[in-house]
$ cat protein00.cif   # mmCIF, C-alpha atoms and all ligand atoms
data_start
loop_
_atom_site.label_atom_id
_atom_site.label_comp_id
_atom_site.auth_asym_id
_atom_site.auth_seq_id
_atom_site.Cartn_x
_atom_site.Cartn_y
_atom_site.Cartn_z
CA MET A 261 116.22 113.15 111.98
CA GLN A 262 115.56 115.78 109.34
CA VAL A 263 113.82 116.48 106.05
CA GLU A 264 115.47 117.93 102.95
CA ARG A 265 113.76 119.09 99.77
CA PHE A 266 115.33 118.92 96.28
CA GLU A 267 114.04 120.64 93.17
CA SER A 268 114.38 119.45 89.59
CA GLU A 269 115.07 121.85 86.74
CA LEU A 270 112.01 120.34 85.08
CA TRP A 271 108.81 122.01 86.33
CA GLU A 272 110.26 122.71 89.81
CA THR A 273 109.46 119.07 90.57
CA ALA A 274 110.04 118.45 94.28
CA SER A 275 111.76 115.46 95.87
CA LEU A 276 112.01 114.83 99.59
CA LEU A 277 114.67 113.05 101.60
CA LEU A 278 113.45 111.97 105.03
CA VAL A 279 116.63 111.30 106.96
CA GLY A 280 116.54 108.92 109.92
CA GLU A 281 119.18 107.15 111.98
CA GLY A 282 121.41 105.44 109.42
CA GLU A 283 118.80 105.27 106.64
CA SER A 284 116.60 107.55 104.57
CA VAL A 285 113.26 107.48 102.80
CA ALA A 286 113.03 109.33 99.47
CA ILE A 287 109.68 110.63 98.20
CA ASP A 288 109.28 111.10 94.42
CA PRO A 289 113.05 111.36 93.80
CA GLY A 290 113.60 112.89 90.39
CA VAL A 291 113.66 113.76 87.70
CA SER A 292 116.86 113.31 85.65
CA ALA A 293 119.46 110.64 86.39
CA ASP A 294 121.91 113.36 87.52
CA GLU A 295 119.37 114.95 89.84
CA VAL A 296 118.51 111.60 91.42
CA ALA A 297 122.23 110.82 91.78
CA ALA A 298 122.65 114.07 93.75
CA ILE A 299 119.92 112.94 96.18
CA ASP A 300 121.61 109.54 96.51
CA ARG A 301 124.97 111.25 97.21
CA ARG A 302 123.46 113.52 99.82
CA ALA A 303 121.91 110.55 101.64
CA HIS A 304 125.28 108.78 101.65
CA ASP A 305 127.04 111.94 102.88
CA LEU A 306 124.61 112.06 105.80
CA GLY A 307 125.41 108.41 106.58
CA ALA A 308 121.81 107.49 105.80
CA PRO A 309 121.49 105.69 102.45
CA VAL A 310 118.05 105.49 100.85
CA THR A 311 116.34 102.25 101.88
CA TYR A 312 112.81 103.16 100.78
CA VAL A 313 111.37 105.13 97.87
CA LEU A 314 107.79 106.39 98.15
CA VAL A 315 105.83 107.57 95.11
CA THR A 316 102.83 109.95 95.41
CA HIS A 317 101.38 109.00 92.00
CA ALA A 318 102.42 107.26 88.81
CA ASP A 319 102.84 110.25 86.49
CA TRP A 320 106.14 109.89 84.66
CA ASP A 321 107.95 112.80 86.35
CA HIS A 322 107.37 111.15 89.75
CA VAL A 323 108.57 107.61 88.96
CA CYS A 324 111.97 108.26 87.32
CA GLY A 325 113.73 108.06 90.70
CA ILE A 326 112.81 104.48 91.51
CA ALA A 327 115.21 102.53 89.27
CA PRO A 328 118.35 104.42 90.44
CA PHE A 329 117.86 102.87 93.91
CA PRO A 330 117.96 99.14 93.07
CA ASP A 331 118.56 98.14 96.69
CA ALA A 332 115.72 100.24 98.09
CA VAL A 333 112.15 99.07 98.59
CA ALA A 334 109.81 101.07 96.34
CA ALA A 335 106.39 101.58 97.92
CA ALA A 336 103.17 103.21 96.75
CA GLY A 337 99.41 103.09 97.18
CA GLU A 338 97.37 100.34 95.53
CA ALA A 339 96.24 102.36 92.51
CA THR A 340 99.72 103.75 91.83
CA ALA A 341 101.21 100.26 92.06
CA ALA A 342 98.59 99.04 89.58
CA ARG A 343 99.46 101.80 87.10
CA VAL A 344 103.18 101.03 87.38
CA GLU A 345 102.49 97.30 87.00
CA ILE A 346 100.67 97.87 83.69
CA GLY A 347 103.80 99.65 82.47
CA GLU A 348 102.27 102.90 81.18
CA PRO A 349 104.33 105.25 83.43
CA GLY A 350 107.63 103.74 82.29
CA LYS A 351 106.69 104.00 78.60
CA THR A 352 105.50 107.59 79.02
CA ALA A 353 108.69 108.45 80.93
CA ALA A 354 110.87 107.15 78.11
CA ARG A 355 109.01 109.23 75.53
CA ARG A 356 108.61 112.44 77.55
CA ALA A 357 112.18 112.41 78.90
CA GLU A 358 113.45 112.19 75.34
CA GLU A 359 111.26 115.14 74.35
CA HIS A 360 112.82 117.14 77.18
CA GLY A 361 116.36 115.94 76.40
CA LEU A 362 116.65 114.23 79.79
CA SER A 363 118.41 111.04 80.73
CA VAL A 364 116.24 109.05 83.14
CA ALA A 365 116.54 105.64 84.77
CA LEU A 366 113.84 103.13 83.92
CA PRO A 367 111.75 101.07 84.32
CA PRO A 368 109.97 101.93 87.56
CA ARG A 369 108.67 99.07 89.72
CA ILE A 370 106.81 98.83 93.04
CA HIS A 371 107.81 96.19 95.62
CA ARG A 372 105.45 97.07 98.40
CA VAL A 373 101.81 98.09 98.06
CA LEU A 374 100.52 100.41 100.79
CA GLU A 375 96.87 100.32 101.78
CA VAL A 376 95.84 103.96 101.45
CA GLY A 377 94.04 105.50 104.42
CA ARG A 378 96.16 104.02 107.19
CA ALA A 379 99.65 104.37 108.65
CA HIS A 380 102.59 102.16 107.66
CA ARG A 381 106.05 101.59 109.03
CA VAL A 382 108.45 102.66 106.29
CA GLY A 383 112.06 102.27 107.39
CA PRO A 384 112.58 104.44 110.48
CA PHE A 385 109.30 106.36 110.07
CA VAL A 386 105.59 105.95 110.57
CA VAL A 387 103.99 107.20 107.35
CA GLU A 388 100.29 108.08 107.32
CA THR A 389 98.62 107.77 103.92
CA ALA A 390 95.50 109.44 102.53
CA PRO A 391 93.87 109.32 99.09
CA LEU A 392 94.57 112.29 96.81
CA VAL A 393 92.39 111.60 93.81
CA GLY A 394 91.61 114.33 91.32
CA HIS A 395 94.86 115.13 89.55
CA THR A 396 95.08 111.44 88.69
CA PRO A 397 92.92 108.56 89.93
CA ASP A 398 95.85 107.18 91.94
CA GLY A 399 97.34 109.92 94.18
CA THR A 400 98.45 109.32 97.77
CA ALA A 401 99.44 111.86 100.44
CA PHE A 402 102.26 110.91 102.80
CA ARG A 403 102.49 112.42 106.26
CA VAL A 404 105.30 111.91 108.76
CA ARG A 405 104.45 113.49 112.10
CA GLU A 406 107.94 113.01 113.55
CA LEU A 407 109.18 115.46 110.90
CA ASP A 408 105.94 117.50 110.78
CA VAL A 409 105.88 117.13 106.99
CA LEU A 410 103.06 116.38 104.52
CA ALA A 411 103.72 115.50 100.85
CA VAL A 412 100.67 116.18 98.67
CA GLY A 413 101.76 115.10 95.17
CA ASP A 414 100.46 117.33 92.38
CA HIS A 415 98.02 119.29 94.52
CA LEU A 416 98.30 122.75 96.19
CA SER A 417 101.17 123.98 93.98
CA SER A 418 101.87 127.72 94.11
CA SER A 419 103.32 127.69 90.59
CA GLU A 420 100.47 125.75 88.95
CA PHE A 421 96.72 125.40 89.30
CA PRO A 422 94.64 122.22 89.53
CA PHE A 423 95.13 119.83 86.60
CA ALA A 424 92.05 117.67 87.03
CA SER A 425 91.46 114.22 85.57
CA SER A 426 88.19 114.28 87.53
CA THR A 427 86.78 117.61 88.72
CA ALA A 428 84.43 115.84 91.16
CA HIS A 429 87.29 113.90 92.75
CA TYR A 430 89.52 116.96 92.82
CA ARG A 431 86.92 119.03 94.70
CA SER A 432 86.49 116.24 97.28
CA THR A 433 90.26 116.02 97.75
CA LEU A 434 90.56 119.78 98.22
CA ALA A 435 87.66 119.85 100.68
CA GLY A 436 89.45 117.14 102.66
CA LEU A 437 92.74 119.05 102.54
CA VAL A 438 91.01 122.25 103.72
CA GLU A 439 89.60 120.35 106.69
CA LEU A 440 92.97 118.77 107.45
CA LEU A 441 94.98 121.99 107.08
CA ARG A 442 92.50 123.93 109.25
CA ASN A 443 92.31 121.43 112.08
CA ASP A 444 95.44 119.29 111.96
CA PRO A 445 98.03 121.14 109.86
CA ALA A 446 101.61 120.07 109.17
CA ALA A 447 104.36 122.67 109.56
CA LEU A 448 105.81 121.81 106.14
CA VAL A 449 103.56 120.97 103.18
CA VAL A 450 105.36 119.87 100.01
CA PRO A 451 103.53 119.96 96.66
CA GLY A 452 104.97 117.94 93.78
CA HIS A 453 105.88 121.14 91.91
CA GLY A 454 106.84 124.60 93.12
CA PRO A 455 107.95 125.83 96.52
CA ALA A 456 107.38 124.11 99.84
CA LEU A 457 104.62 125.71 101.90
CA THR A 458 103.72 126.40 105.50
CA GLY A 459 100.46 124.90 106.67
CA ALA A 460 98.80 128.33 106.34
CA GLU A 461 100.08 128.83 102.78
CA ALA A 462 98.90 125.36 101.81
CA LEU A 463 95.46 126.11 103.27
CA ALA A 464 95.26 129.36 101.27
CA ASN A 465 96.09 127.46 98.05
CA ALA A 466 93.55 124.74 98.87
CA VAL A 467 90.81 127.33 99.46
CA ALA A 468 91.67 129.21 96.23
CA ASP A 469 91.87 125.99 94.17
CA LEU A 470 88.53 124.78 95.53
CA ALA A 471 86.93 128.16 94.72
CA TYR A 472 88.28 127.84 91.15
CA LEU A 473 86.85 124.35 90.67
CA ARG A 474 83.60 125.34 92.36
CA GLY A 475 83.40 128.32 89.97
CA LEU A 476 84.00 126.00 87.03
CA HIS A 477 81.21 123.71 88.22
CA ILE A 478 78.74 126.58 88.63
CA ALA A 479 79.64 128.16 85.27
CA VAL A 480 79.34 124.94 83.27
CA ALA A 481 76.22 123.69 85.10
CA SER A 482 74.48 127.07 84.67
CA ALA A 483 75.26 127.20 80.96
CA LEU A 484 73.98 123.64 80.44
CA ALA A 485 70.82 124.49 82.37
CA GLY A 486 70.33 127.60 80.20
CA SER A 487 70.91 127.09 76.47
CA GLY A 488 71.98 123.50 76.96
CA THR A 489 74.70 123.48 74.28
CA ARG A 490 78.15 122.12 75.03
CA ALA A 491 79.75 125.04 73.17
CA ASP A 492 78.12 127.58 75.50
CA ALA A 493 79.10 125.53 78.54
CA ARG A 494 82.67 125.31 77.27
CA ALA A 495 82.85 129.09 76.77
CA ALA A 496 81.42 129.71 80.25
CA GLY A 497 83.98 127.37 81.79
CA LEU A 498 86.88 128.96 79.93
CA ALA A 499 85.83 132.38 81.27
CA VAL A 500 86.38 131.28 84.89
CA PRO A 501 89.59 132.91 86.17
CA LEU A 502 92.49 130.75 87.31
CA PRO A 503 93.25 130.76 91.05
CA ARG A 504 96.69 132.29 90.50
CA PRO A 505 98.90 133.50 87.65
CA ALA A 506 100.30 130.65 85.57
CA PRO A 507 102.59 130.38 82.55
CA ASP A 508 100.83 130.67 79.15
CA ASP A 509 101.82 127.13 78.19
CA LEU A 510 99.55 125.84 80.96
CA ALA A 511 96.45 127.36 79.32
CA ARG A 512 95.58 124.01 77.74
CA MET A 513 95.34 122.50 81.23
CA HIS A 514 92.52 124.96 81.92
CA GLU A 515 90.83 123.69 78.74
CA THR A 516 91.30 120.12 79.98
CA ASN A 517 89.64 121.06 83.27
CA VAL A 518 86.67 122.50 81.39
CA GLU A 519 86.35 119.24 79.43
CA SER A 520 86.55 117.23 82.69
CA GLN A 521 83.86 119.45 84.16
CA LEU A 522 81.66 118.92 81.11
CA GLU A 523 82.17 115.14 81.39
CA GLU A 524 81.18 115.27 85.06
CA LEU A 525 77.83 116.88 84.21
CA ARG A 526 77.06 115.60 80.73
CA PRO A 527 78.79 112.64 79.07
CA ALA A 528 79.86 113.10 75.46
CA ASP A 529 77.25 111.99 72.90
ZN ZN A 601 104.00 116.09 88.50
#
$ encode --input "protein00.cif" --output "structure tokens"
Amino acid sequence: MQVERFESELWETASLLLVGEGESVAIDPGVSADEVAAIDRRAHDLGAPVTYVLVTHADWDHVCGIAPFPDAVAAAGEATAARVEIGEPGKTAARRAEEHGLSVALPPRIHRVLEVGRAHRVGPFVVETAPLVGHTPDGTAFRVRELDVLAVGDHLSSSEFPFASSTAHYRSTLAGLVELLRNDPAALVVPGHGPALTGAEALANAVADLAYLRGLHIAVASALAGSGTRADARAAGLAVPLPRPAPDDLARMHETNVESQLEELRPAD
């Protein structure tokens, strides 16, 4: 029984292979067809073919590894399954993969819907699930205690900062992760992008990310309470420092967070 991590050339996207007796569970296998094929080969080499694919959320870079395992059961939380069912992740994947010059296998599909917030038997493992809303409305954390591993989707990355679809949800998720990582940490914490972390490293990222979003909330709320204009609030939000250095091309994600924060406090006219 072991866990192996794979990293895509696109955005350091992380895939996990949870290897059991004679079968494996893949989490977010991806991204390109070649990269997924390498994970498939590795599982076969270990004598443990992939029988289940788990998906942390339905963003396109996390669902490209479902179709290459036609004999595996693809499983995800309710909200992720609903997004895949509507078909948006597959369509986005086709478009974005082409933009990046990648060959990907489509369409994704989900066979088994997991009730988030409880444990499920997935192949040879017991997988605990927890909601991870904030980056998207549909994230799910997967924890396997037998392997002392926790997959957290697109949260806690050391090479990114929070990309929030809802700042309120994201703060709640981080507060929950801080509590979990302080009191019941996993030895290995695997964000969807960037390096794998120890429990202590993951806690440090969670604390820093929460301080960033808390700072954003205070800056925008204070500006709205003062002059009251959206432009002032936007400027105040943009002045909040990121929790860690990030590539310049991610600057627009900071702008998106400021807009999400504005929406949380004052809906657009
Ligand atoms: Zn991602």
$ closest_atom_pairs --input "protein00.cif" --of "chain A" --to "ligand ZN 601 (chain A)" --cutoff "9 Å" --atoms "all atoms listed in the file" --output "CSV"
residue,atom,partner,partner_atom,distance
A:Trp271,CA,A:ZN601,ZN,7.9
A:Thr273,CA,A:ZN601,ZN,6.6
A:Ala274,CA,A:ZN601,ZN,8.7
A:His317,CA,A:ZN601,ZN,8.3
A:Ala318,CA,A:ZN601,ZN,9.0
A:Asp319,CA,A:ZN601,ZN,6.3
A:Trp320,CA,A:ZN601,ZN,7.6
A:Asp321,CA,A:ZN601,ZN,5.6
A:His322,CA,A:ZN601,ZN,6.1
A:Gly413,CA,A:ZN601,ZN,7.1
A:Asp414,CA,A:ZN601,ZN,5.4
A:Gly452,CA,A:ZN601,ZN,5.7
A:His453,CA,A:ZN601,ZN,6.4
$ residues_near_point --input "protein00.cif" --point "(120.2, 108.9, 96.3)" --cutoff "8 Å" --atoms "all atoms listed in the file" --output "list in words"
Ala286, Pro289, Val296, Ala297, Ala298, Ile299, Asp300, Arg301, Arg302, Ala303, His304, Pro309, Val310, Pro328 and Phe329 of chain A
$ write_last_selection --input "protein00.cif" --atoms "C-alpha atoms" --output "short mmCIF file (atom, residue, chain, number, x, y, z; two decimals), keeping the file's coordinate frame"
data_model
loop_
_atom_site.label_atom_id
_atom_site.label_comp_id
_atom_site.auth_asym_id
_atom_site.auth_seq_id
_atom_site.Cartn_x
_atom_site.Cartn_y
_atom_site.Cartn_z
CA ALA A 286 113.03 109.33 99.47
CA PRO A 289 113.05 111.36 93.80
CA VAL A 296 118.51 111.60 91.42
CA ALA A 297 122.23 110.82 91.78
CA ALA A 298 122.65 114.07 93.75
CA ILE A 299 119.92 112.94 96.18
CA ASP A 300 121.61 109.54 96.51
CA ARG A 301 124.97 111.25 97.21
CA ARG A 302 123.46 113.52 99.82
CA ALA A 303 121.91 110.55 101.64
CA HIS A 304 125.28 108.78 101.65
CA PRO A 309 121.49 105.69 102.45
CA VAL A 310 118.05 105.49 100.85
CA PRO A 328 118.35 104.42 90.44
CA PHE A 329 117.86 102.87 93.91
#
$ closest_residue --input "protein00.cif" --among "A:Glu269, A:Asp398, A:Asp469, A:Asp294" --to "Val315 (chain A)" --atoms "all atoms listed in the file"
A:Asp398
$ atom_distance --input "protein00.cif" --atom1 "CA of Leu473 (chain A)" --atom2 "CA of Gln521 (chain A)"
8.7 Å
$ closest_residue --input "protein00.cif" --among "A:Val393, A:Leu484, A:Val500, A:Leu277" --to "Tyr472 (chain A)" --atoms "all atoms listed in the file"
A:Val500
$ residues_near_point --input "protein00.cif" --point "(89.6, 120.9, 89.4)" --cutoff "7 Å" --atoms "only C-alpha atoms" --output "list in words"
Pro422, Phe423, Ala424, Thr427, Tyr430, Arg431, Leu473 and Asn517 of chain A
$ atom_distance --input "protein00.cif" --atom1 "CA of Ala357 (chain A)" --atom2 "CA of Glu272 (chain A)"
15.1 Å
$ atom_distance --input "protein00.cif" --atom1 "CA of Gly459 (chain A)" --atom2 "CA of Phe402 (chain A)"
14.6 Å
$ closest_residue --input "protein00.cif" --among "A:Arg494, A:His429, A:Lys351, A:Arg265" --to "Pro367 (chain A)" --atoms "only C-alpha atoms"
A:Lys351
$ closest_residue --input "protein00.cif" --among "A:Ser426, A:Gly454, A:Pro391, A:Val467" --to "Leu525 (chain A)" --atoms "only C-alpha atoms"
A:Ser426
$ residues_around --input "protein00.cif" --residues "Pro501 (chain A)" --least-positions-apart "3" --cutoff "10 Å" --atoms "all atoms listed in the file" --output "list in words"
Tyr472, Gly475, Leu476, Gly497, Leu498, Arg504, Pro505 and His514 of chain A
$ write_last_selection --input "protein00.cif" --atoms "C-alpha atoms" --output "PDB file, in the coordinates of the input"
ATOM      1  CA  TYR A 472      88.280 127.840  91.150  1.00  0.00           C
ATOM      2  CA  GLY A 475      83.400 128.320  89.970  1.00  0.00           C
ATOM      3  CA  LEU A 476      84.000 126.000  87.030  1.00  0.00           C
ATOM      4  CA  GLY A 497      83.980 127.370  81.790  1.00  0.00           C
ATOM      5  CA  LEU A 498      86.880 128.960  79.930  1.00  0.00           C
ATOM      6  CA  ARG A 504      96.690 132.290  90.500  1.00  0.00           C
ATOM      7  CA  PRO A 505      98.900 133.500  87.650  1.00  0.00           C
ATOM      8  CA  HIS A 514      92.520 124.960  81.920  1.00  0.00           C
TER       9      HIS A 514
END
$ residues_around --input "protein00.cif" --residues "Ala499 (chain A)" --least-positions-apart "3" --cutoff "12 Å" --atoms "all atoms listed in the file" --output "list in words"
Tyr472, Gly475, Leu476, Ile478, Ala479, Val480, Ala483, Asp492, Ala493, Arg494, Ala495, Ala496, Leu502, Ala511, His514, Glu515 and Val518 of chain A
$ write_last_selection --input "protein00.cif" --atoms "C-alpha atoms" --output "CSV table (one decimal), in the coordinates of the input"
chain,number,residue,atom,x,y,z
A,472,TYR,CA,88.3,127.8,91.2
A,475,GLY,CA,83.4,128.3,90.0
A,476,LEU,CA,84.0,126.0,87.0
A,478,ILE,CA,78.7,126.6,88.6
A,479,ALA,CA,79.6,128.2,85.3
A,480,VAL,CA,79.3,124.9,83.3
A,483,ALA,CA,75.3,127.2,81.0
A,492,ASP,CA,78.1,127.6,75.5
A,493,ALA,CA,79.1,125.5,78.5
A,494,ARG,CA,82.7,125.3,77.3
A,495,ALA,CA,82.8,129.1,76.8
A,496,ALA,CA,81.4,129.7,80.2
A,502,LEU,CA,92.5,130.8,87.3
A,511,ALA,CA,96.4,127.4,79.3
A,514,HIS,CA,92.5,125.0,81.9
A,515,GLU,CA,90.8,123.7,78.7
A,518,VAL,CA,86.7,122.5,81.4
$ residues_around --input "protein00.cif" --residues "Val285 (chain A)" --least-positions-apart "4" --cutoff "7 Å" --atoms "all atoms listed in the file" --output "PyMOL selection string"
chain A and resi 277-279+310-313
$ closest_residue --input "protein00.cif" --among "A:Glu283, A:Asp288, A:Asp444, A:Glu264" --to "Val412 (chain A)" --atoms "only C-alpha atoms"
A:Asp288
$ build_atoms --input "protein00.cif" --residues "region 449-472 of chain A" --atoms "N, CA and C atoms" --output "PDB file, in the frame of the given file"
ATOM      1  N   VAL A 449     104.395 121.657 104.178  1.00  0.00           N
ATOM      2  CA  VAL A 449     103.560 120.970 103.180  1.00  0.00           C
ATOM      3  C   VAL A 449     104.297 121.062 101.846  1.00  0.00           C
ATOM      4  N   VAL A 450     104.524 119.913 101.209  1.00  0.00           N
ATOM      5  CA  VAL A 450     105.360 119.870 100.010  1.00  0.00           C
ATOM      6  C   VAL A 450     104.556 119.404  98.802  1.00  0.00           C
ATOM      7  N   PRO A 451     104.165 120.352  97.925  1.00  0.00           N
ATOM      8  CA  PRO A 451     103.530 119.960  96.660  1.00  0.00           C
ATOM      9  C   PRO A 451     104.567 119.354  95.709  1.00  0.00           C
ATOM     10  N   GLY A 452     104.079 118.606  94.721  1.00  0.00           N
ATOM     11  CA  GLY A 452     104.970 117.940  93.780  1.00  0.00           C
ATOM     12  C   GLY A 452     105.712 118.890  92.856  1.00  0.00           C
ATOM     13  N   HIS A 453     105.220 120.120  92.736  1.00  0.00           N
ATOM     14  CA  HIS A 453     105.880 121.140  91.910  1.00  0.00           C
ATOM     15  C   HIS A 453     105.799 122.484  92.625  1.00  0.00           C
ATOM     16  N   GLY A 454     106.849 123.279  92.501  1.00  0.00           N
ATOM     17  CA  GLY A 454     106.840 124.600  93.120  1.00  0.00           C
ATOM     18  C   GLY A 454     107.298 124.554  94.559  1.00  0.00           C
ATOM     19  N   PRO A 455     107.343 125.734  95.195  1.00  0.00           N
ATOM     20  CA  PRO A 455     107.950 125.830  96.520  1.00  0.00           C
ATOM     21  C   PRO A 455     107.227 125.045  97.607  1.00  0.00           C
ATOM     22  N   ALA A 456     107.980 124.700  98.653  1.00  0.00           N
ATOM     23  CA  ALA A 456     107.380 124.110  99.840  1.00  0.00           C
ATOM     24  C   ALA A 456     106.574 125.192 100.549  1.00  0.00           C
ATOM     25  N   LEU A 457     105.578 124.774 101.300  1.00  0.00           N
ATOM     26  CA  LEU A 457     104.620 125.710 101.900  1.00  0.00           C
ATOM     27  C   LEU A 457     104.528 125.498 103.403  1.00  0.00           C
ATOM     28  N   THR A 458     104.149 126.567 104.117  1.00  0.00           N
ATOM     29  CA  THR A 458     103.720 126.400 105.500  1.00  0.00           C
ATOM     30  C   THR A 458     102.297 125.844 105.462  1.00  0.00           C
ATOM     31  N   GLY A 459     101.829 125.388 106.600  1.00  0.00           N
ATOM     32  CA  GLY A 459     100.460 124.900 106.670  1.00  0.00           C
ATOM     33  C   GLY A 459      99.467 125.974 106.246  1.00  0.00           C
ATOM     34  N   ALA A 460      99.714 127.217 106.664  1.00  0.00           N
ATOM     35  CA  ALA A 460      98.800 128.330 106.340  1.00  0.00           C
ATOM     36  C   ALA A 460      98.813 128.634 104.844  1.00  0.00           C
ATOM     37  N   GLU A 461      99.989 128.604 104.233  1.00  0.00           N
ATOM     38  CA  GLU A 461     100.080 128.830 102.780  1.00  0.00           C
ATOM     39  C   GLU A 461      99.370 127.720 102.010  1.00  0.00           C
ATOM     40  N   ALA A 462      99.556 126.500 102.472  1.00  0.00           N
ATOM     41  CA  ALA A 462      98.900 125.360 101.810  1.00  0.00           C
ATOM     42  C   ALA A 462      97.386 125.486 101.919  1.00  0.00           C
ATOM     43  N   LEU A 463      96.906 125.924 103.080  1.00  0.00           N
ATOM     44  CA  LEU A 463      95.460 126.110 103.270  1.00  0.00           C
ATOM     45  C   LEU A 463      94.943 127.183 102.314  1.00  0.00           C
ATOM     46  N   ALA A 464      95.685 128.277 102.175  1.00  0.00           N
ATOM     47  CA  ALA A 464      95.260 129.360 101.270  1.00  0.00           C
ATOM     48  C   ALA A 464      95.165 128.830  99.833  1.00  0.00           C
ATOM     49  N   ASN A 465      96.140 128.040  99.407  1.00  0.00           N
ATOM     50  CA  ASN A 465      96.090 127.460  98.050  1.00  0.00           C
ATOM     51  C   ASN A 465      94.906 126.509  97.903  1.00  0.00           C
ATOM     52  N   ALA A 466      94.661 125.703  98.928  1.00  0.00           N
ATOM     53  CA  ALA A 466      93.550 124.740  98.870  1.00  0.00           C
ATOM     54  C   ALA A 466      92.221 125.479  98.740  1.00  0.00           C
ATOM     55  N   VAL A 467      92.053 126.554  99.508  1.00  0.00           N
ATOM     56  CA  VAL A 467      90.810 127.330  99.460  1.00  0.00           C
ATOM     57  C   VAL A 467      90.646 127.968  98.074  1.00  0.00           C
ATOM     58  N   ALA A 468      91.735 128.547  97.546  1.00  0.00           N
ATOM     59  CA  ALA A 468      91.670 129.210  96.230  1.00  0.00           C
ATOM     60  C   ALA A 468      91.409 128.182  95.118  1.00  0.00           C
ATOM     61  N   ASP A 469      92.052 127.018  95.199  1.00  0.00           N
ATOM     62  CA  ASP A 469      91.870 125.990  94.170  1.00  0.00           C
ATOM     63  C   ASP A 469      90.438 125.443  94.197  1.00  0.00           C
ATOM     64  N   LEU A 470      89.903 125.279  95.409  1.00  0.00           N
ATOM     65  CA  LEU A 470      88.530 124.780  95.530  1.00  0.00           C
ATOM     66  C   LEU A 470      87.548 125.817  94.985  1.00  0.00           C
ATOM     67  N   ALA A 471      87.806 127.105  95.240  1.00  0.00           N
ATOM     68  CA  ALA A 471      86.930 128.160  94.720  1.00  0.00           C
ATOM     69  C   ALA A 471      86.958 128.161  93.189  1.00  0.00           C
ATOM     70  N   TYR A 472      88.140 127.927  92.615  1.00  0.00           N
ATOM     71  CA  TYR A 472      88.280 127.840  91.150  1.00  0.00           C
ATOM     72  C   TYR A 472      87.439 126.690  90.593  1.00  0.00           C
TER      73      TYR A 472
END
